[in-house]
Amino acid sequence: MTKGYFLDIILTMNFYLLPPEKVFDFFTILSEDGVVFYSIVENNSAHLIKFDKDREFKPNFIKIRTAENIKHFLFPSREVLSKFPRDIQIKRARQYLFGMKNCDLRGIDVYDRVFLKWEPIDPFYKERRDNTIIISADCPEPEDCCFCNLVGLNPYGEGICDINFTPTSSGLLFEVFTQRGERIIKKAGNLFRSPGKDDEKERDINRKAAIKQLETNNQKPFDINLPEVIEKADKNVIRNARDECVECFACLHGCPTCYCFLLGDYKKGDNEMVRVRTWDTCYYAAYARVGGGANPRSKLDERFWHRFQCKFNYFYQYEKFYACSGCGRCYRGCSALIDIRKILWQ
Amino acid sequence: MAVNPYYPIPTRIVKIIPETSNVTTFMLDGMPITFEAGQFAELTVPGVGEAPFTPSSSPYEEKLEFTIMKVGRVTEALFNLKEGDLVGIRGPFGKPYPLKKFKDKEVFIIGGGVGFAPLRSLFLTLLHNLKEYKKIYIRYGARTPKDIVYKTLIPEWQKINGVDILLTVDVGDAFWKGRVGVVTVILDVIPVDVNSASVVVCGPPLMMKFVTQRLIEVGFLHENIYLSMEKNMSCGIGKCNHCRVGRFYVCKDGPVLTWQDVQDIEEPFL
C-alpha cells in the first residue's frame, strides 16, 4: 500500500457496499459540504464533471482515466500566488473527486512529495490538498495506451486516495483508507450495507482480469536498472527518439506528474502587483535560459531527453519511484504518436 | 495559511553605487533578510519580475548589498529605479559556502567579471575571522580596467596581511600596469597546496569552464573545487524545476556545487 501524505491512514481496511439505487443519494449528501466532481463518458472519453442534483446523472466508473489532466484540481494551470506589497490570504472550499483512477493517484503522490514533503511546504497546494477528498475507482478495462503496470502500479487505488471503490454487480464496493474517508462513509451510513464474500470475490476476479489485460498490452517490463540506463543512454538513441516530435508539448501539458511551473509578475493598477504561477514544460526552448543568455538545453535533443532523465532517473533518485503514471496521455495526445514505452524499451 | 514562500518582502533601495558602465551595487534598506555567504535571494522589481542574485555584502554587516550587471529584462528595470524606490526580496535560498571545511586551509578565490560580487561576500566573511584561515588568495579577471568592480576597495584589501590579490584584464589601456590576458594567465603559478586548499570560482560560463580545466590539471581535489552555477533559479525552493543540473536543484542544493558533483554532467556551465 502506498502511504502517501496523509497521516490519518487507518490500519484496518473497512469495506462498505453502496447499492446502485443509493449512489445518487450518496452524491447528494457529499454535495452538501463541497463541490463533487465525477466521471462521465462522452465521445468515448472520460471526463470529470460537476455534480448537480437537478441535472442528468450518468456516471461512468468503468472507462479509463479522464482525457483531461486532473492536476487542475490540485495544481491549477494558472494561480495567483502573491500580491505585492500586501500579500493575499487564501481559503479553499472542499471538493470531492469521484472516480479517479490509480494512474492519477500516482500524479498526486508525486505532487505530495514535491509540494508537501520537500521543504518548504507549498501552502497553495496544501490548502487544496487538505480540502480535496479523493474517492478513486478501480480501472477494470485498461486500453492500449495504458501502462501503469510498467511503472509499478496496479489498476486500482491502494493509498493516496481517501476511499477506493470497485464497481460490482451488486453496487459499489468501498474500501476506506483514511479517517476522513471513514467519516464520510459514517455520515451517509444508512445508505451502505455490509458487503458479502461474493462482492470481494468479484472484485478480485475483476482486478486480476485488468492486470492480465495490462500484461498482455505491455509484455516487456522496463529494465530494472532504468535510471542508470537513462543516465548512460546512447546519444544516437536520444537523437532518434525526438525525430518525430513537432514540439506541441501536449505530452507534458497533459502529464499528471509534471510539476514544472513558471512565475510571472503583472502590474495591477498603479501600486499593486500580482505573482502568477502557470504550468511550464521543460520542452520550451527558453525554459532553462538565464538572464545573460546562456542556455544549458538549447537543442531539442537535450530537452527531449531531459524529460526522460527527470521522470525516470532524477525523481527516482529522490523518491524511489518513477514520476510517470503510465496513464498514456502523452501517447494519446502526441501529434506524432510517440510512444514513450518504445523509447524506454530501447 | 502557512508562510508564503512566493511572497517578496517589501523594501527600498537606499543607495545606488555605480561600479562600471553596466554594473551597479544596490544597497537595500536595513536587513530585510539574513543570509550566510554563498546563499542567494530573489529580487523583485514590482510588476516586472524577479531574478536571483547573491549578496555582495558581508553577512556580518547591518546592510544588504547586491552588485548587479544589466543583462536582461529584470536587471534593466532595476537599473531604471532610483534611491527610495520600492522593491521586493525573497530568501535566503540555497546552501552557504562550507566555511568549516575552509578552516586552517588556504582559500583560493577566482572571479571573472561581475562574478566577483558573490565572492566579495565570501571574502568579507573570511576577513571577519581571518586568523581561522591559513591564507586567502584572490585572482580576478575583468574585460578591461574600466570593467573592474570594487576599484576603490581592492587596493585596501591588498594591504591586508594574509591576503594575496592578483588582477588581470583581457585588454589593457594606457594606464593599466598589471597583467593582461584572460584569468587563466594569473593561474600559471598556483601558490597553494593543491592537496588541501579550497578553491572557489565564480564568473561567466566560458571562464568557469577553462578555469576548472586548469584547476583539475594542477591537481586540486575535485571535492575542493567550489563552482557557482549560473542557472535559471526561479522559485528558489526546489519546486519549479527550472534550475535543474543533473539531479541537483541549483536553488536548493547549490547555488555552489563542487566539481565532484557536476563532473559527469555534459557542459555543466552552460
# chains A, B, ... in the order shown; residues from 1 in each chain; ligands from 1
>>> closest_atom_pairs(of="chain B", to="chain A", cutoff="6 Å", atoms="only C-alpha atoms", output="tab-separated table")
residue	atom	partner	partner_atom	distance
B:Ala2	CA	A:Pro123	CA	5.7
B:Tyr7	CA	A:Ser82	CA	5.5
B:Pro10	CA	A:Pro85	CA	5.9
B:Gly47	CA	A:Lys267	CA	4.4
B:Val48	CA	A:Asp265	CA	5.8
B:Gly49	CA	A:Asp265	CA	5.0
B:Val71	CA	A:Gly292	CA	5.4
B:Gly72	CA	A:Gly291	CA	5.0
B:Lys231	CA	A:Val290	CA	6.0
B:Asn232	CA	A:Val290	CA	4.9
B:Cys240	CA	A:Cys260	CA	4.7
B:Asn241	CA	A:Cys260	CA	5.5
B:His242	CA	A:Ala288	CA	5.5
B:Arg247	CA	A:Tyr314	CA	4.9
B:Leu270	CA	A:Pro296	CA	4.6
>>> write_last_selection(atoms="C-alpha atoms", output="compact mmCIF listing (two decimals), in the first residue's frame")
# COMPACT_ATOMS: atom_id res chain seq x y z
CA ALA B 2 1.42 28.73 6.28
CA TYR B 7 5.79 36.49 -1.29
CA PRO B 10 8.82 44.90 0.52
CA GLY B 47 5.30 44.43 -11.91
CA VAL B 48 8.31 43.35 -13.98
CA GLY B 49 9.55 40.15 -12.39
CA VAL B 71 21.86 41.83 -18.80
CA GLY B 72 18.15 41.08 -19.05
CA LYS B 231 21.11 28.68 -13.69
CA ASN B 232 17.55 29.86 -14.11
CA CYS B 240 9.62 24.78 -10.29
CA ASN B 241 12.44 22.70 -11.83
CA HIS B 242 13.99 25.44 -13.99
CA ARG B 247 19.71 15.57 -10.25
CA LEU B 270 26.16 26.33 -19.96
>>> select_by_dssp(residues="segment 15-214 of chain A", states="alpha helix (DSSP H)", output="PyMOL selection string")
chain A and resi 23-30+102-111+123-130+179-187+197-214
>>> write_last_selection(atoms="C-alpha atoms", output="PDB file, in the first residue's frame")
ATOM      1  CA  VAL A  23     -25.406   6.207  -5.498  1.00  0.00           C
ATOM      2  CA  PHE A  24     -27.332   9.371  -6.334  1.00  0.00           C
ATOM      3  CA  ASP A  25     -28.279   9.861  -2.679  1.00  0.00           C
ATOM      4  CA  PHE A  26     -24.662   9.473  -1.639  1.00  0.00           C
ATOM      5  CA  PHE A  27     -23.612  12.143  -4.132  1.00  0.00           C
ATOM      6  CA  THR A  28     -26.353  14.410  -2.839  1.00  0.00           C
ATOM      7  CA  ILE A  29     -25.034  14.060   0.730  1.00  0.00           C
ATOM      8  CA  LEU A  30     -21.470  14.722  -0.405  1.00  0.00           C
ATOM      9  CA  ASN A 102      -4.801   4.888  -9.795  1.00  0.00           C
ATOM     10  CA  CYS A 103      -2.599   6.403 -12.519  1.00  0.00           C
ATOM     11  CA  ASP A 104      -3.829   9.832 -11.461  1.00  0.00           C
ATOM     12  CA  LEU A 105      -3.147   8.964  -7.838  1.00  0.00           C
ATOM     13  CA  ARG A 106       0.498   8.477  -8.862  1.00  0.00           C
ATOM     14  CA  GLY A 107       0.425  12.073 -10.050  1.00  0.00           C
ATOM     15  CA  ILE A 108      -0.866  13.193  -6.656  1.00  0.00           C
ATOM     16  CA  ASP A 109       1.812  11.084  -4.963  1.00  0.00           C
ATOM     17  CA  VAL A 110       4.455  12.978  -6.982  1.00  0.00           C
ATOM     18  CA  TYR A 111       2.933  16.360  -6.077  1.00  0.00           C
ATOM     19  CA  PRO A 123       0.876  26.462   1.065  1.00  0.00           C
ATOM     20  CA  PHE A 124      -1.259  26.732  -2.076  1.00  0.00           C
ATOM     21  CA  TYR A 125      -1.027  23.053  -2.881  1.00  0.00           C
ATOM     22  CA  LYS A 126      -1.525  22.154   0.776  1.00  0.00           C
ATOM     23  CA  GLU A 127      -4.686  24.214   1.071  1.00  0.00           C
ATOM     24  CA  ARG A 128      -6.197  22.453  -1.939  1.00  0.00           C
ATOM     25  CA  ARG A 129      -4.950  19.015  -0.933  1.00  0.00           C
ATOM     26  CA  ASP A 130      -6.334  19.349   2.585  1.00  0.00           C
ATOM     27  CA  GLN A 179     -10.011   8.539   8.810  1.00  0.00           C
ATOM     28  CA  ARG A 180     -11.591  11.369   6.903  1.00  0.00           C
ATOM     29  CA  GLY A 181     -12.768   8.777   4.369  1.00  0.00           C
ATOM     30  CA  GLU A 182     -14.279   6.830   7.255  1.00  0.00           C
ATOM     31  CA  ARG A 183     -16.062   9.960   8.490  1.00  0.00           C
ATOM     32  CA  ILE A 184     -17.608  10.475   5.052  1.00  0.00           C
ATOM     33  CA  ILE A 185     -18.945   6.932   4.968  1.00  0.00           C
ATOM     34  CA  LYS A 186     -20.313   7.316   8.506  1.00  0.00           C
ATOM     35  CA  LYS A 187     -22.108  10.494   7.515  1.00  0.00           C
ATOM     36  CA  LYS A 197     -17.953 -12.632   0.405  1.00  0.00           C
ATOM     37  CA  ASP A 198     -19.146 -12.727  -3.206  1.00  0.00           C
ATOM     38  CA  ASP A 199     -18.589  -8.979  -3.605  1.00  0.00           C
ATOM     39  CA  GLU A 200     -14.963  -9.259  -2.580  1.00  0.00           C
ATOM     40  CA  LYS A 201     -14.557 -12.315  -4.776  1.00  0.00           C
ATOM     41  CA  GLU A 202     -15.994 -10.481  -7.773  1.00  0.00           C
ATOM     42  CA  ARG A 203     -13.663  -7.566  -7.072  1.00  0.00           C
ATOM     43  CA  ASP A 204     -10.632  -9.872  -7.029  1.00  0.00           C
ATOM     44  CA  ILE A 205     -11.669 -11.510 -10.294  1.00  0.00           C
ATOM     45  CA  ASN A 206     -12.154  -8.114 -11.980  1.00  0.00           C
ATOM     46  CA  ARG A 207      -8.819  -6.890 -10.732  1.00  0.00           C
ATOM     47  CA  LYS A 208      -6.973  -9.973 -11.930  1.00  0.00           C
ATOM     48  CA  ALA A 209      -8.572  -9.592 -15.355  1.00  0.00           C
ATOM     49  CA  ALA A 210      -7.472  -5.934 -15.557  1.00  0.00           C
ATOM     50  CA  ILE A 211      -3.912  -6.832 -14.555  1.00  0.00           C
ATOM     51  CA  LYS A 212      -3.890  -9.578 -17.176  1.00  0.00           C
ATOM     52  CA  GLN A 213      -5.048  -7.108 -19.809  1.00  0.00           C
ATOM     53  CA  LEU A 214      -2.219  -4.718 -18.858  1.00  0.00           C
TER      54      LEU A 214
END
>>> atom_distance(atom1="atom CA of Ile340 of chain A", atom2="atom CA of Gly254 of chain A")
13.9 Å
>>> atom_distance(atom1="atom CA of Tyr249 of chain B", atom2="atom CA of Asp264 of chain B")
15.5 Å
>>> atom_distance(atom1="atom CA of Phe61 of chain A", atom2="atom CA of Arg113 of chain A")
27.5 Å
>>> select_by_dssp(residues="segment 85-244 of chain A", states="strand (DSSP E or B)", output="NGL selection string")
:A and (95-100 or 132-137 or 159 or 163-168 or 171-178 or 193)
>>> closest_residue(among="B:Phe175, B:Tyr133, B:Phe53, B:Trp259", to="Lys209 of chain B", atoms="only C-alpha atoms")
B:Trp259
>>> residues_around(residues="Leu122 of chain B", least_positions_apart="2", cutoff="9 Å", atoms="only C-alpha atoms", output="ChimeraX atom specification")
/B:36-38,56-59,97,118-120,124-127
>>> closest_residue(among="B:Tyr60, B:Phe66, B:Phe93, B:Trp157", to="His128 of chain B", atoms="only C-alpha atoms")
B:Tyr60
>>> residues_around(residues="segment 326-331 of chain A", least_positions_apart="3", cutoff="8 Å", atoms="only C-alpha atoms", output="count of residues only")
21
>>> residues_around(residues="Gly91 of chain B", least_positions_apart="5", cutoff="10 Å", atoms="only C-alpha atoms", output="list in words")
Pro5, Tyr6, Tyr7, Pro8, Ile9, Pro32, Ile33, Thr34, Phe35, Gln39, Phe40, Ala41, Glu42, Leu43, Pro52, Gly236 and Ile237 of chain B
>>> residues_around(residues="Gly141 of chain B", least_positions_apart="5", cutoff="10 Å", atoms="only C-alpha atoms", output="number ranges by chain")
B: 110-116, 147-148, 166-170, 179-186, 203, 207
>>> residues_around(residues="Gly254 of chain B", least_positions_apart="5", cutoff="8 Å", atoms="only C-alpha atoms", output="JSON, numbers by chain")
{"B": [94, 95, 228, 229, 248, 249]}
